[in-house]
Amino acid sequence: MLYCCHCGYRLDEEKVEERSPSLANLGETEIQEGAKVAYVCPQCGHLITADSSEEDVKALSRAAHAQMQRSRNAVASGMGSVCVGTILLIIAIMFFFLAKKPAEGHRLITTCPEFFVSMTLFGISAVLLAVGAVFLYKGLKKHVIYSRLLKDINNRTFVQ
């Protein structure tokens, strides 16, 4: 894995090379033995190379801390959406049971306002729960990736 020292973007070079190899189809151009391949960061446009200096590692550490903060924000947004979605789901279930009228022998009446409110709340809660789950998953995944990166940087075991 390569990381952009400017923004902290994680680049999987194996996937990039599978799609479009860097050293293929160059024709008759000779390639030196120790040629280094550099990639352009799709997020910020800076060059990503395999060699990194001490200043690059410090910049990467700052970028990783910023990515950790973004992951915490995503987790918080996801948890908020999940909580609101759960509350709306409980209210929707209550309105659904209110749509079963005792005067009609506890049958579900689909023409009453309680039924329409319950169906609307079911839809909104489903959307909020799905969006919250996506934000929560992406935030936790990013948190794990960048906490491992920071641990490697702190232990001086990071190799680009």
# chains A, B, ... in the order shown; residues from 1 in each chain; ligands from 1

call {"tool": "select_by_dssp", "arguments": {"residues": "chain A", "states": "strand (DSSP E)", "output": "JSON, numbers by chain"}}
result
{"A": [2, 3, 10, 11, 39, 40, 47, 48, 100, 101, 107, 108]}

call {"tool": "write_last_selection", "arguments": {"atoms": "C-alpha atoms", "output": "mmCIF file, in the first residue's frame"}}
result
data_model
loop_
_atom_site.group_PDB
_atom_site.id
_atom_site.type_symbol
_atom_site.label_atom_id
_atom_site.label_comp_id
_atom_site.auth_asym_id
_atom_site.auth_seq_id
_atom_site.Cartn_x
_atom_site.Cartn_y
_atom_site.Cartn_z
ATOM 1 C CA LEU A 2 1.162 3.468 -0.808
ATOM 2 C CA TYR A 3 -0.035 6.554 1.011
ATOM 3 C CA ARG A 10 -4.421 5.068 0.564
ATOM 4 C CA LEU A 11 -3.488 3.744 -2.887
ATOM 5 C CA TYR A 39 1.507 7.472 -9.121
ATOM 6 C CA VAL A 40 -0.667 10.557 -9.111
ATOM 7 C CA LEU A 47 2.900 12.386 -6.750
ATOM 8 C CA ILE A 48 3.042 9.218 -4.663
ATOM 9 C CA LYS A 100 -55.706 -1.749 13.750
ATOM 10 C CA LYS A 101 -59.036 -0.342 14.856
ATOM 11 C CA ARG A 107 -58.297 -5.488 11.589
ATOM 12 C CA LEU A 108 -55.742 -3.391 9.768
#

call {"tool": "select_by_dssp", "arguments": {"residues": "segment 29-125 of chain A", "states": "alpha helix (DSSP H)", "output": "PyMOL selection string"}}
result
chain A and resi 54-98+113-125

call {"tool": "atom_distance", "arguments": {"atom1": "atom CA of Val134 of chain A", "atom2": "atom CA of Cys83 of chain A"}}
result
13.7 Å

call {"tool": "residues_around", "arguments": {"residues": "Ser147 of chain A", "least_positions_apart": "3", "cutoff": "12 Å", "atoms": "only C-alpha atoms", "output": "PyMOL selection string"}}
result
chain A and resi 61+63-69+71-72+139-144+150-154

call {"tool": "atom_distance", "arguments": {"atom1": "atom CA of Thr49 of chain A", "atom2": "atom CA of Lys36 of chain A"}}
result
7.7 Å

call {"tool": "residues_around", "arguments": {"residues": "Gly45 of chain A", "least_positions_apart": "3", "cutoff": "12 Å", "atoms": "only C-alpha atoms", "output": "count of residues only"}}
result
12

call {"tool": "closest_residue", "arguments": {"among": "A:Lys15, A:His106, A:Ala50, A:Leu149", "to": "Arg62 of chain A", "atoms": "only C-alpha atoms"}}
result
A:Leu149

call {"tool": "residues_around", "arguments": {"residues": "Leu129 of chain A", "least_positions_apart": "6", "cutoff": "7 Å", "atoms": "only C-alpha atoms", "output": "list in words"}}
result
Ser81, Val82 and Gly85 of chain A

call {"tool": "atom_distance", "arguments": {"atom1": "atom CA of Met1 of chain A", "atom2": "atom CA of Met79 of chain A"}}
result
29.5 Å
